[in-house]
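**Student:** The structure file upload_19.txt (compact mmCIF, C-alpha atoms and all ligand atoms) is provided below.
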```
# COMPACT_ATOMS: atom_id res chain seq x y z
CA MET I 21 0.00 0.00 0.00
CA GLN I 22 1.33 3.45 -0.87
CA PRO I 23 1.39 6.11 1.86
CA SER I 24 -0.67 8.45 -0.35
CA SER I 25 -3.54 5.97 -0.28
CA PHE I 26 -4.42 7.04 3.27
CA ASP I 27 -7.07 9.73 3.02
CA ASN I 28 -7.62 10.34 6.71
CA PRO I 29 -6.62 9.19 10.21
CA THR I 30 -9.39 6.59 10.22
CA ALA I 31 -7.85 4.90 7.17
CA VAL I 32 -4.51 4.69 9.02
CA SER I 33 -6.27 3.40 12.12
CA ASP I 34 -8.07 0.68 10.10
CA ALA I 35 -4.85 -0.36 8.36
CA LEU I 36 -2.97 -0.57 11.69
CA ASP I 37 -5.82 -2.59 13.13
CA ARG I 38 -5.56 -5.04 10.22
CA VAL I 39 -1.89 -5.73 11.00
CA GLY I 40 -2.67 -6.29 14.69
CA TYR I 41 -1.84 -2.85 16.15
CA LEU I 42 -4.80 -1.21 17.86
CA PRO I 43 -4.22 2.54 18.00
CA ASP I 44 -6.33 5.18 19.67
CA ILE I 45 -7.40 8.04 17.44
CA GLY I 46 -4.61 10.28 18.78
CA VAL I 47 -1.90 7.86 17.64
CA ALA I 48 -3.61 7.27 14.29
CA THR I 49 -3.89 11.02 13.64
CA ALA I 50 -0.24 11.65 14.56
CA ALA I 51 0.86 8.80 12.25
CA TYR I 52 -1.38 10.03 9.42
CA LEU I 53 0.03 13.56 9.67
CA ALA I 54 3.63 12.30 9.82
CA ILE I 55 3.03 10.31 6.62
CA ARG I 56 1.25 13.15 4.81
CA MET I 57 3.56 15.96 5.95
CA GLY I 58 6.76 13.92 5.59
CA ARG I 59 7.80 14.86 9.11
CA PRO I 60 9.51 12.65 11.70
CA LEU I 61 7.19 11.30 14.38
CA PHE I 62 8.50 11.66 17.91
CA LEU I 63 6.84 9.16 20.27
CA GLU I 64 7.27 9.50 23.99
CA GLY I 65 5.65 7.35 26.64
CA ASP I 66 6.14 4.90 29.49
CA PRO I 67 7.88 1.59 28.75
CA GLY I 68 5.71 -0.96 27.02
CA VAL I 69 2.97 1.33 25.68
CA GLY I 70 3.57 0.29 22.08
CA LYS I 71 6.03 2.85 20.66
CA THR I 72 8.34 0.37 18.93
CA ALA I 73 5.42 -1.79 17.81
CA LEU I 74 3.81 1.28 16.18
CA ALA I 75 6.88 1.88 14.02
CA GLN I 76 6.86 -1.80 13.00
CA ALA I 77 3.17 -1.62 12.14
CA LEU I 78 3.67 1.61 10.15
CA ALA I 79 6.33 -0.11 8.04
CA GLU I 80 3.90 -2.93 7.38
CA ILE I 81 0.97 -0.76 6.33
CA THR I 82 3.08 1.47 4.08
CA GLY I 83 4.80 -1.51 2.42
CA SER I 84 8.15 -0.21 3.66
CA ARG I 85 11.22 -1.87 5.00
CA LEU I 86 11.75 -1.27 8.70
CA VAL I 87 15.27 -0.15 9.56
CA ARG I 88 15.95 0.10 13.27
CA LEU I 89 18.64 2.12 14.94
CA GLN I 90 18.78 1.17 18.61
CA CYS I 91 20.38 4.04 20.54
CA TYR I 92 22.65 3.60 23.52
CA GLU I 93 25.08 5.67 25.54
CA GLY I 94 28.10 6.52 23.43
CA ILE I 95 26.54 5.73 20.03
CA ASP I 96 28.17 7.79 17.29
CA ALA I 97 27.95 8.45 13.57
CA SER I 98 30.04 5.43 12.59
CA GLN I 99 27.46 3.11 14.18
CA ALA I 100 24.48 5.05 12.85
CA LEU I 101 25.57 6.05 9.37
CA TYR I 102 28.45 4.11 7.82
CA ASP I 103 31.82 2.69 8.50
CA TRP I 104 34.69 1.37 6.38
CA ASP I 105 35.35 -2.35 6.49
CA PHE I 106 38.89 -2.15 7.80
CA PRO I 107 39.80 -5.88 7.68
CA ARG I 108 38.64 -6.13 4.05
CA GLN I 109 40.61 -3.00 3.15
CA ILE I 110 43.72 -4.57 4.63
CA LEU I 111 43.17 -7.78 2.67
CA HIS I 112 42.74 -5.71 -0.48
CA LEU I 113 46.03 -3.93 0.21
CA ARG I 114 47.84 -7.21 0.78
CA ALA I 115 46.39 -8.74 -2.38
CA ALA I 116 47.61 -5.76 -4.44
CA GLY I 117 51.22 -6.56 -3.54
CA ASP I 118 54.22 -4.25 -3.48
CA GLY I 119 54.42 -3.07 -7.06
CA ALA I 120 50.99 -1.33 -7.15
CA ASP I 121 50.51 2.36 -7.92
CA THR I 122 50.13 3.90 -4.46
CA ALA I 123 47.67 6.68 -5.36
CA ALA I 124 45.40 4.34 -7.33
CA LEU I 125 45.59 1.77 -4.56
CA GLU I 126 44.65 4.34 -1.94
CA ALA I 127 41.67 5.51 -4.00
CA SER I 128 40.50 1.93 -4.49
CA LEU I 129 40.38 1.45 -0.73
CA TYR I 130 37.39 3.78 -0.58
CA ASP I 131 35.32 1.88 -3.09
CA ARG I 132 31.59 1.35 -2.35
CA ARG I 133 32.22 -2.37 -1.73
CA PHE I 134 34.28 -1.54 1.36
CA LEU I 135 31.56 0.64 2.83
CA VAL I 136 29.44 -0.83 5.60
CA ALA I 137 26.04 0.85 5.58
CA ARG I 138 24.62 1.35 9.06
CA PRO I 139 20.89 1.88 9.71
CA ILE I 140 20.53 5.54 8.62
CA LEU I 141 22.37 4.97 5.34
CA GLN I 142 20.40 1.74 4.78
CA ALA I 143 17.16 3.65 5.27
CA LEU I 144 18.22 6.32 2.75
CA GLU I 145 19.35 3.77 0.16
CA GLN I 146 16.47 1.31 0.44
CA SER I 147 13.35 3.35 0.03
CA PRO I 148 10.57 3.17 0.85
CA SER I 149 11.60 2.66 4.42
CA VAL I 150 10.58 3.44 7.97
CA LEU I 151 13.60 4.50 10.00
CA LEU I 152 13.03 3.71 13.66
CA ILE I 153 15.43 5.63 15.89
CA ASP I 154 14.61 3.77 19.07
CA GLU I 155 15.19 5.11 22.58
CA ILE I 156 16.90 8.34 21.56
CA ASP I 157 16.97 9.38 25.24
CA ARG I 158 19.78 6.85 25.76
CA ALA I 159 22.09 8.62 23.28
CA ASP I 160 24.01 11.78 24.16
CA ASP I 161 23.83 15.42 23.06
CA GLU I 162 26.34 15.20 20.22
CA PHE I 163 24.41 12.36 18.68
CA GLU I 164 21.22 14.41 18.78
CA ALA I 165 22.98 17.26 17.00
CA PHE I 166 24.20 14.82 14.38
CA LEU I 167 20.68 13.44 13.89
CA LEU I 168 19.33 16.95 13.40
CA GLU I 169 21.63 17.43 10.42
CA VAL I 170 20.74 14.11 8.84
CA LEU I 171 17.01 14.65 9.31
CA ALA I 172 17.21 18.12 7.80
CA ASP I 173 18.90 16.89 4.60
CA ASN I 174 17.59 13.35 4.05
CA ALA I 175 21.02 12.83 2.55
CA VAL I 176 24.44 11.74 3.66
CA THR I 177 27.72 13.00 2.31
CA ILE I 178 30.60 10.56 2.38
CA PRO I 179 33.77 12.52 1.61
CA GLU I 180 35.34 9.71 -0.43
CA LEU I 181 32.18 8.80 -2.35
CA GLY I 182 29.90 11.82 -2.58
CA THR I 183 26.31 12.46 -1.50
CA ILE I 184 23.77 9.70 -1.12
CA ARG I 185 20.19 10.96 -1.22
CA ALA I 186 16.99 9.03 -0.57
CA VAL I 187 14.76 8.53 -3.63
CA THR I 188 11.81 8.67 -1.25
CA PRO I 189 12.69 10.10 2.17
CA PRO I 190 12.16 7.53 4.92
CA LEU I 191 9.32 7.90 7.38
CA VAL I 192 11.30 8.57 10.56
CA VAL I 193 9.94 7.45 13.93
CA LEU I 194 11.86 8.44 17.07
CA THR I 195 10.99 6.96 20.43
CA SER I 196 11.91 7.98 23.96
CA ASN I 197 11.14 6.58 27.40
CA ARG I 198 11.91 10.03 28.77
CA THR I 199 14.81 8.98 30.95
CA ARG I 200 16.03 12.48 30.05
CA GLU I 201 14.57 15.37 28.08
CA VAL I 202 15.43 15.42 24.41
CA HIS I 203 16.43 18.86 23.14
CA ASP I 204 13.86 21.27 21.78
CA ALA I 205 15.78 21.67 18.52
CA LEU I 206 15.25 18.01 17.68
CA LYS I 207 11.65 17.96 18.89
CA ARG I 208 10.87 21.05 16.84
CA ARG I 209 11.62 19.13 13.63
CA CYS I 210 9.16 16.42 14.58
CA LEU I 211 5.49 15.87 15.22
CA TYR I 212 5.29 14.98 18.89
CA HIS I 213 2.93 12.44 20.36
CA TRP I 214 2.67 11.16 23.92
CA VAL I 215 1.65 7.50 23.78
CA ALA I 216 -0.58 6.84 26.76
CA HIS I 217 -1.52 3.50 28.29
CA PRO I 218 -4.59 2.10 26.54
CA ASP I 219 -8.00 2.41 28.11
CA PHE I 220 -9.65 -0.70 29.51
CA ALA I 221 -11.62 -1.70 26.38
CA ARG I 222 -8.63 -1.34 24.06
CA GLU I 223 -6.35 -3.27 26.36
CA VAL I 224 -8.87 -6.14 26.54
CA GLU I 225 -8.99 -6.16 22.74
CA ILE I 226 -5.16 -6.12 22.50
CA VAL I 227 -5.00 -9.17 24.79
CA ARG I 228 -7.62 -10.94 22.66
CA ARG I 229 -5.67 -10.19 19.48
CA HIS I 230 -2.39 -11.45 20.89
CA ILE I 231 -3.89 -14.52 22.60
CA PRO I 232 -7.22 -15.38 20.95
CA GLU I 233 -7.55 -18.56 23.03
CA VAL I 234 -7.73 -16.66 26.34
CA ALA I 235 -11.14 -16.62 28.10
CA ASP I 236 -13.06 -13.32 27.77
CA ARG I 237 -13.45 -12.95 31.49
CA LEU I 238 -9.73 -13.55 32.06
CA ALA I 239 -8.82 -10.87 29.48
CA ARG I 240 -11.11 -8.39 31.22
CA ASP I 241 -9.90 -9.30 34.73
CA VAL I 242 -6.25 -8.94 33.77
CA ALA I 243 -6.85 -5.60 32.05
CA ALA I 244 -8.71 -4.36 35.15
CA ALA I 245 -5.95 -5.58 37.46
CA VAL I 246 -3.22 -3.97 35.37
CA SER I 247 -5.10 -0.71 35.27
CA ARG I 248 -5.33 -0.84 39.07
CA LEU I 249 -1.56 -1.50 39.31
CA ARG I 250 -0.86 1.49 37.07
CA GLU I 251 -2.72 3.76 39.48
CA SER I 252 -0.61 2.50 42.39
CA ASP I 253 2.52 4.54 41.86
CA LEU I 254 4.79 1.51 41.39
CA LEU I 255 8.48 1.88 40.54
CA LYS I 256 7.75 0.16 37.24
CA PRO I 257 4.09 0.21 36.21
CA PRO I 258 3.23 -2.71 33.91
CA GLY I 259 3.13 -2.03 30.17
CA ILE I 260 1.05 -3.81 27.54
CA ALA I 261 3.70 -6.51 27.15
CA GLU I 262 3.22 -7.36 30.85
CA THR I 263 -0.56 -7.46 30.44
CA ILE I 264 -0.19 -9.91 27.55
CA ASP I 265 2.33 -12.01 29.49
CA TRP I 266 0.16 -12.10 32.58
CA ALA I 267 -2.91 -13.20 30.64
CA ARG I 268 -0.82 -15.87 28.87
CA ALA I 269 0.63 -17.16 32.15
CA LEU I 270 -2.83 -17.42 33.70
CA HIS I 271 -4.22 -19.10 30.59
CA ILE I 272 -1.41 -21.69 30.70
CA LEU I 273 -2.39 -22.43 34.30
CA GLY I 274 -5.93 -23.10 33.07
CA ALA I 275 -7.47 -19.95 34.56
CA THR I 276 -10.60 -18.41 33.05
CA GLY I 277 -10.69 -15.53 35.51
CA LEU I 278 -8.47 -13.83 38.09
CA ASP I 279 -8.64 -14.21 41.86
CA ALA I 280 -6.27 -13.14 44.64
CA GLU I 281 -4.56 -16.51 44.85
CA LEU I 282 -3.92 -16.81 41.12
CA ALA I 283 -2.79 -13.18 40.97
CA ALA I 284 -0.30 -13.78 43.78
CA ALA I 285 1.05 -16.92 42.11
CA THR I 286 1.63 -15.22 38.76
CA LEU I 287 2.51 -11.68 39.86
CA GLY I 288 6.03 -11.96 38.39
CA ALA I 289 4.55 -11.71 34.88
CA ALA I 290 3.33 -8.18 35.65
CA VAL I 291 5.53 -6.75 38.41
CA LYS I 292 9.31 -6.72 38.00
CA TYR I 293 10.71 -5.02 41.08
CA HIS I 294 10.90 -6.67 44.48
CA GLU I 295 9.78 -3.45 46.25
CA ASP I 296 6.73 -3.29 43.98
CA GLU I 297 5.98 -6.95 44.55
CA VAL I 298 6.02 -6.55 48.33
CA ARG I 299 3.68 -3.56 48.14
CA VAL I 300 1.31 -5.18 45.70
CA ARG I 301 1.01 -8.35 47.80
CA ARG I 302 0.48 -6.39 51.00
CA ASP I 303 -1.74 -3.49 49.92
CA ILE I 304 -3.13 -4.00 46.47
CA LEU I 305 -4.02 -7.66 46.01
CA PRO I 306 -6.58 -7.68 48.84
CA GLN I 307 -8.32 -4.65 47.31
CA LEU I 308 -8.09 -6.17 43.88
CA ALA I 309 -9.80 -9.37 45.03
CA GLU I 310 -12.59 -7.21 46.42
CA GLN I 311 -12.82 -5.19 43.20
CA LEU I 312 -13.08 -8.39 41.14
CA GLY I 313 -15.67 -9.70 43.59
CA ARG I 314 -13.64 -12.83 44.34
N1 LIG W 401 -1.81 -0.68 20.41
C1 LIG W 401 -1.33 -1.93 20.42
N2 LIG W 401 -1.93 -2.91 19.74
C2 LIG W 401 -1.44 -4.18 19.76
N3 LIG W 401 -0.36 -4.55 20.45
C3 LIG W 401 0.28 -3.62 21.16
C4 LIG W 401 -0.17 -2.26 21.17
N4 LIG W 401 0.65 -1.54 21.97
C5 LIG W 401 1.58 -2.41 22.41
N5 LIG W 401 1.38 -3.64 21.93
C6 LIG W 401 2.19 -4.84 22.23
O1 LIG W 401 2.79 -4.61 23.49
C7 LIG W 401 4.15 -5.02 23.51
C8 LIG W 401 5.04 -3.89 23.97
O2 LIG W 401 5.08 -2.87 23.00
P1 LIG W 401 6.43 -2.09 22.60
O3 LIG W 401 7.61 -2.96 22.78
O4 LIG W 401 6.18 -1.50 21.27
O5 LIG W 401 6.44 -0.96 23.69
P2 LIG W 401 7.46 0.25 23.82
O6 LIG W 401 6.63 1.45 24.12
O7 LIG W 401 8.36 0.30 22.66
O8 LIG W 401 8.24 -0.19 25.11
P3 LIG W 401 9.75 0.21 25.57
O9 LIG W 401 9.68 1.65 25.94
O10 LIG W 401 9.99 -0.69 26.75
O11 LIG W 401 10.65 -0.08 24.41
C9 LIG W 401 4.44 -5.53 22.12
O12 LIG W 401 4.31 -6.95 22.15
C10 LIG W 401 3.34 -4.96 21.26
O13 LIG W 401 3.03 -5.82 20.20
MG MG W 402 10.46 0.09 22.49
```
Could you spell out this file's structure in structure tokens?

**Tutor:**
Amino acid sequence: MQPSSFDNPTAVSDALDRVGYLPDIGVATAAYLAIRMGRPLFLEGDPGVGKTALAQALAEITGSRLVRLQCYEGIDASQALYDWDFPRQILHLRAAGDGADTAALEASLYDRRFLVARPILQALEQSPSVLLIDEIDRADDEFEAFLLEVLADNAVTIPELGTIRAVTPPLVVLTSNRTREVHDALKRRCLYHWVAHPDFAREVEIVRRHIPEVADRLARDVAAAVSRLRESDLLKPPGIAETIDWARALHILGATGLDAELAAATLGAAVKYHEDEVRVRRDILPQLAEQLGR
């Protein structure tokens, strides 16, 4: 499907739904505008709310290749853009022997075949593509500044080879868990969207889509319990991945609904910090059992 075939946010929402991603209208509108305006989409939100999965689903519905650049502390241009294949260059030198013309030999070292394309260059060369710059908050300031330049040009200049420009600029999706604020200059280039946790009905539907065999009541109970946990100011509130895992764990145990005992036995699927676990067992599970009427 071509990006231009989306006439409105609802069309994007329907297409995402068909590939198994259930967006709310806010997400669908932000994605639609990013596609139509050719602007990067900056997604911020708690862990596990579906930021990475949205980029994957956008690649699927636009018939694009997904190219992912996972950011981390210390990442630099040579890991994001391109690098020269040093061992192969050395082999090439050795193979040329002693009698070779030095200038010609040096020039041949910077041939395209010795270039290793990293994600950003891959995304520019292999259009149409969705370039997912995942967890940008883990990278440092210099890397942000570098990204700004690349995003502004949709092209990369390699001194030895020249400029490589995308035939169709990639749809760029940046994600952040907000472990630190990303600079305004970068955000200004993008359409910003805060991805919130899903409401109850959507989360039930997401569980059903991921695990169709799960009992309806179990899907609803787990979604209700997770929503309660998210209101409890935990160190690490459960994301959608945890909801899906919890429902799957309970289903494997043969459960068709949630009660305090089952919740206690399977809590590790949803709660990942010992401090949270202690609190949930002591304060929240008893209330939860009451809320579920069991
Ligand atoms: N709207 C949705 N529809 C269907 N599945 C979803 C949706 N949102 C999230 N998921 C599922 O939830 C899981 C977690 O999503 P994802 O990894 O994209 O979250 P994230 O926001 O990138 O998390 P993190 O910040 O930890 O990287 C995935 O298995 C994904 O398929
Ligand atoms: Mg992610």

**Student:** Given the choices I:Thr188, I:Glu201, I:Asp37, I:Glu162, which gets closest to Ile55 (chain I) if the distance is worked out from all atoms listed in the file?

**Tutor:**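 Of the candidates, the smallest distance to Ile55 (chain I) is held by I:Thr188.
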
**Student:** Which of these residues is nearest to Leu129 (chain I), using only C-alpha atoms: I:Glu180, I:Ile156, I:Gly117, I:Ala77?

**Tutor:** I:Glu180

**Student:** Could you give me the residues within 10 Å of ligand LIG 401 (chain W), counting all atoms listed in the file, as an mmCIF file with C-alpha atoms, in the frame of the given file?

**Tutor:**
```
data_model
loop_
_atom_site.group_PDB
_atom_site.id
_atom_site.type_symbol
_atom_site.label_atom_id
_atom_site.label_comp_id
_atom_site.auth_asym_id
_atom_site.auth_seq_id
_atom_site.Cartn_x
_atom_site.Cartn_y
_atom_site.Cartn_z
ATOM 1 C CA LEU I 36 -2.970 -0.570 11.690
ATOM 2 C CA ASP I 37 -5.820 -2.590 13.130
ATOM 3 C CA VAL I 39 -1.890 -5.730 11.000
ATOM 4 C CA GLY I 40 -2.670 -6.290 14.690
ATOM 5 C CA TYR I 41 -1.840 -2.850 16.150
ATOM 6 C CA LEU I 42 -4.800 -1.210 17.860
ATOM 7 C CA PRO I 43 -4.220 2.540 18.000
ATOM 8 C CA ASP I 44 -6.330 5.180 19.670
ATOM 9 C CA VAL I 47 -1.900 7.860 17.640
ATOM 10 C CA LEU I 63 6.840 9.160 20.270
ATOM 11 C CA GLU I 64 7.270 9.500 23.990
ATOM 12 C CA GLY I 65 5.650 7.350 26.640
ATOM 13 C CA ASP I 66 6.140 4.900 29.490
ATOM 14 C CA PRO I 67 7.880 1.590 28.750
ATOM 15 C CA GLY I 68 5.710 -0.960 27.020
ATOM 16 C CA VAL I 69 2.970 1.330 25.680
ATOM 17 C CA GLY I 70 3.570 0.290 22.080
ATOM 18 C CA LYS I 71 6.030 2.850 20.660
ATOM 19 C CA THR I 72 8.340 0.370 18.930
ATOM 20 C CA ALA I 73 5.420 -1.790 17.810
ATOM 21 C CA LEU I 74 3.810 1.280 16.180
ATOM 22 C CA ALA I 75 6.880 1.880 14.020
ATOM 23 C CA GLN I 76 6.860 -1.800 13.000
ATOM 24 C CA ALA I 77 3.170 -1.620 12.140
ATOM 25 C CA ASP I 154 14.610 3.770 19.070
ATOM 26 C CA GLU I 155 15.190 5.110 22.580
ATOM 27 C CA THR I 195 10.990 6.960 20.430
ATOM 28 C CA SER I 196 11.910 7.980 23.960
ATOM 29 C CA ASN I 197 11.140 6.580 27.400
ATOM 30 C CA ARG I 198 11.910 10.030 28.770
ATOM 31 C CA VAL I 215 1.650 7.500 23.780
ATOM 32 C CA ALA I 216 -0.580 6.840 26.760
ATOM 33 C CA HIS I 217 -1.520 3.500 28.290
ATOM 34 C CA PRO I 218 -4.590 2.100 26.540
ATOM 35 C CA ARG I 222 -8.630 -1.340 24.060
ATOM 36 C CA GLU I 223 -6.350 -3.270 26.360
ATOM 37 C CA GLU I 225 -8.990 -6.160 22.740
ATOM 38 C CA ILE I 226 -5.160 -6.120 22.500
ATOM 39 C CA VAL I 227 -5.000 -9.170 24.790
ATOM 40 C CA ARG I 228 -7.620 -10.940 22.660
ATOM 41 C CA ARG I 229 -5.670 -10.190 19.480
ATOM 42 C CA HIS I 230 -2.390 -11.450 20.890
ATOM 43 C CA GLY I 259 3.130 -2.030 30.170
ATOM 44 C CA ILE I 260 1.050 -3.810 27.540
ATOM 45 C CA ALA I 261 3.700 -6.510 27.150
ATOM 46 C CA GLU I 262 3.220 -7.360 30.850
ATOM 47 C CA THR I 263 -0.560 -7.460 30.440
ATOM 48 C CA ILE I 264 -0.190 -9.910 27.550
ATOM 49 C CA ASP I 265 2.330 -12.010 29.490
#
```

**Student:** Which polymer residues have any atom within 9 Å of an atom of Tyr102 (chain I), counting all atoms listed in the file, with same-chain residues fewer than 4 positions away left out, as a list of chain:residue names?

**Tutor:**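 Counting all atoms listed in the file, the residues come to I:Ala97, I:Ser98, I:Leu135, I:Val136, I:Ala137, I:Arg138, I:Pro139, I:Ile140, I:Leu141, I:Gln142, I:Ile178.
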
**Student:** Neighbourhood query: residues within 7 Å of (6.0, 12.9, 12.8), file coordinates, counting all atoms listed in the file; return as a PyMOL selection string.

**Tutor:** chain I and resi 50-51+53-54+59-62+193+210-212

**Student:** Leaving out Pro148 (chain I) and any residue of its chain fewer than 5 positions from it, which residues lie within 7 Å of it when counting all atoms listed in the file, given as a ChimeraX atom specification?

**Tutor:** /I:84-85,188,190

**Student:** Tell me which of I:Lys256, I:His203, I:Arg209, I:Arg237 sits closest to Asp279 (chain I), counting all atoms listed in the file.

**Tutor:**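 Among the listed residues, the smallest separation from Asp279 (chain I) belongs to I:Arg237.
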
**Student:** Name the residues in contact with Gly288 (chain I) at a cut-off of 10 Å, using only C-alpha atoms, excluding same-chain residues fewer than 3 positions from it; report them as number ranges by chain.

**Tutor:** I: 262, 265-266, 269, 283-285, 291-294, 297

**Student:** Report the distance between CA of Val150 (chain I) and CA of Pro189 (chain I) in Å, rounded to one decimal place.

**Tutor:**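 For CA of Val150 (chain I) relative to CA of Pro189 (chain I), the distance reads 9.1 Å.
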
**Student:** If I take CA of Ala100 (chain I) and CA of Phe166 (chain I), how far is one from the other in Å, to one decimal?

**Tutor:**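 The value is 9.9 Å.
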
**Student:** When you count only C-alpha atoms, which of these residues is closest to Val202 (chain I): I:Asp173, I:Asp160, I:Asp219, I:Glu251?

**Tutor:**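 Looking at the shortest contact to Val202 (chain I), the residue is I:Asp160.
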
**Student:** Neighbours of Gly313 (chain I) within 12 Å (all atoms listed in the file; same-chain residues fewer than 5 positions away dropped), as a PyMOL selection string?

**Tutor:** chain I and resi 241+277-280+306-308

**Student:** For a test of reading the model, state the distance in Å between CA of Arg185 (chain I) and CA of Leu78 (chain I), rounded to one decimal.

**Tutor:**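 A separation of 22.1 Å between them.
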
**Student:** Kindly compute an axis-aligned box around the listed atoms of region 267-283 of chain I, allowing 3 Å on each side, and express its centre and edge lengths in Å to one decimal as JSON.

**Tutor:**
```
{"center_x": -5.0, "center_y": -18.1, "center_z": 36.9, "size_x": 17.3, "size_y": 16.0, "size_z": 22.0}
```

**Student:** Residues within 10 Å of His271 (chain I), please, as a list in words. Count only C-alpha atoms; anything in the same chain fewer than 2 positions from it doesn't count.

**Tutor:** Ile231, Glu233, Val234, Ala235, Leu238, Ala239, Asp265, Trp266, Ala267, Arg268, Ala269, Leu273, Gly274, Ala275, Thr276 and Gly277 of chain I

**Student:** Could you tell me which of I:Ala165, I:Arg248, I:Glu281, I:Leu152 comes closest to ligand MG 402 (chain W) if we count all atoms listed in the file?

**Tutor:**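 Closest to ligand MG 402 (chain W) of all the choices is I:Leu152.
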
**Student:** Using only C-alpha atoms and all ligand atoms, which residue out of I:Asn28, I:Gln90, I:Thr49, I:Ser33 lies closest to ligand MG 402 (chain W)?

**Tutor:**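 Among the listed residues, the smallest separation from ligand MG 402 (chain W) belongs to I:Gln90.
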
**Student:** Complete the atom set of region 216-231 of chain I to N, CA and C atoms and return it as a PDB file, in the frame of the given file.

**Tutor:**
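Listed below is the output, part22.pdb:
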```pdb
ATOM      1  N   ALA I 216      -0.073   7.133  25.427  1.00  0.00           N
ATOM      2  CA  ALA I 216      -0.580   6.840  26.760  1.00  0.00           C
ATOM      3  C   ALA I 216      -0.881   5.338  26.875  1.00  0.00           C
ATOM      4  N   HIS I 217      -1.053   4.868  28.111  1.00  0.00           N
ATOM      5  CA  HIS I 217      -1.520   3.500  28.290  1.00  0.00           C
ATOM      6  C   HIS I 217      -2.909   3.385  27.681  1.00  0.00           C
ATOM      7  N   PRO I 218      -3.266   2.223  27.168  1.00  0.00           N
ATOM      8  CA  PRO I 218      -4.590   2.100  26.540  1.00  0.00           C
ATOM      9  C   PRO I 218      -5.697   2.131  27.592  1.00  0.00           C
ATOM     10  N   ASP I 219      -6.891   2.502  27.157  1.00  0.00           N
ATOM     11  CA  ASP I 219      -8.000   2.410  28.110  1.00  0.00           C
ATOM     12  C   ASP I 219      -8.393   0.928  28.249  1.00  0.00           C
ATOM     13  N   PHE I 220      -9.299   0.685  29.167  1.00  0.00           N
ATOM     14  CA  PHE I 220      -9.650  -0.700  29.510  1.00  0.00           C
ATOM     15  C   PHE I 220     -10.101  -1.506  28.277  1.00  0.00           C
ATOM     16  N   ALA I 221     -11.043  -0.947  27.509  1.00  0.00           N
ATOM     17  CA  ALA I 221     -11.620  -1.700  26.380  1.00  0.00           C
ATOM     18  C   ALA I 221     -10.552  -2.044  25.349  1.00  0.00           C
ATOM     19  N   ARG I 222      -9.661  -1.094  25.081  1.00  0.00           N
ATOM     20  CA  ARG I 222      -8.630  -1.340  24.060  1.00  0.00           C
ATOM     21  C   ARG I 222      -7.627  -2.373  24.551  1.00  0.00           C
ATOM     22  N   GLU I 223      -7.317  -2.306  25.836  1.00  0.00           N
ATOM     23  CA  GLU I 223      -6.350  -3.270  26.360  1.00  0.00           C
ATOM     24  C   GLU I 223      -6.925  -4.692  26.328  1.00  0.00           C
ATOM     25  N   VAL I 224      -8.222  -4.819  26.626  1.00  0.00           N
ATOM     26  CA  VAL I 224      -8.870  -6.140  26.540  1.00  0.00           C
ATOM     27  C   VAL I 224      -8.757  -6.656  25.106  1.00  0.00           C
ATOM     28  N   GLU I 225      -9.035  -5.769  24.156  1.00  0.00           N
ATOM     29  CA  GLU I 225      -8.990  -6.160  22.740  1.00  0.00           C
ATOM     30  C   GLU I 225      -7.555  -6.536  22.317  1.00  0.00           C
ATOM     31  N   ILE I 226      -6.563  -5.801  22.833  1.00  0.00           N
ATOM     32  CA  ILE I 226      -5.160  -6.120  22.500  1.00  0.00           C
ATOM     33  C   ILE I 226      -4.811  -7.522  23.017  1.00  0.00           C
ATOM     34  N   VAL I 227      -5.260  -7.832  24.241  1.00  0.00           N
ATOM     35  CA  VAL I 227      -5.000  -9.170  24.790  1.00  0.00           C
ATOM     36  C   VAL I 227      -5.656 -10.221  23.904  1.00  0.00           C
ATOM     37  N   ARG I 228      -6.906  -9.966  23.508  1.00  0.00           N
ATOM     38  CA  ARG I 228      -7.620 -10.940  22.660  1.00  0.00           C
ATOM     39  C   ARG I 228      -6.902 -11.159  21.337  1.00  0.00           C
ATOM     40  N   ARG I 229      -6.371 -10.063  20.759  1.00  0.00           N
ATOM     41  CA  ARG I 229      -5.670 -10.190  19.480  1.00  0.00           C
ATOM     42  C   ARG I 229      -4.390 -10.995  19.611  1.00  0.00           C
ATOM     43  N   HIS I 230      -3.666 -10.740  20.725  1.00  0.00           N
ATOM     44  CA  HIS I 230      -2.390 -11.450  20.890  1.00  0.00           C
ATOM     45  C   HIS I 230      -2.604 -12.900  21.304  1.00  0.00           C
ATOM     46  N   ILE I 231      -3.631 -13.151  22.133  1.00  0.00           N
ATOM     47  CA  ILE I 231      -3.890 -14.520  22.600  1.00  0.00           C
ATOM     48  C   ILE I 231      -5.380 -14.818  22.420  1.00  0.00           C
TER      49      ILE I 231
END
```
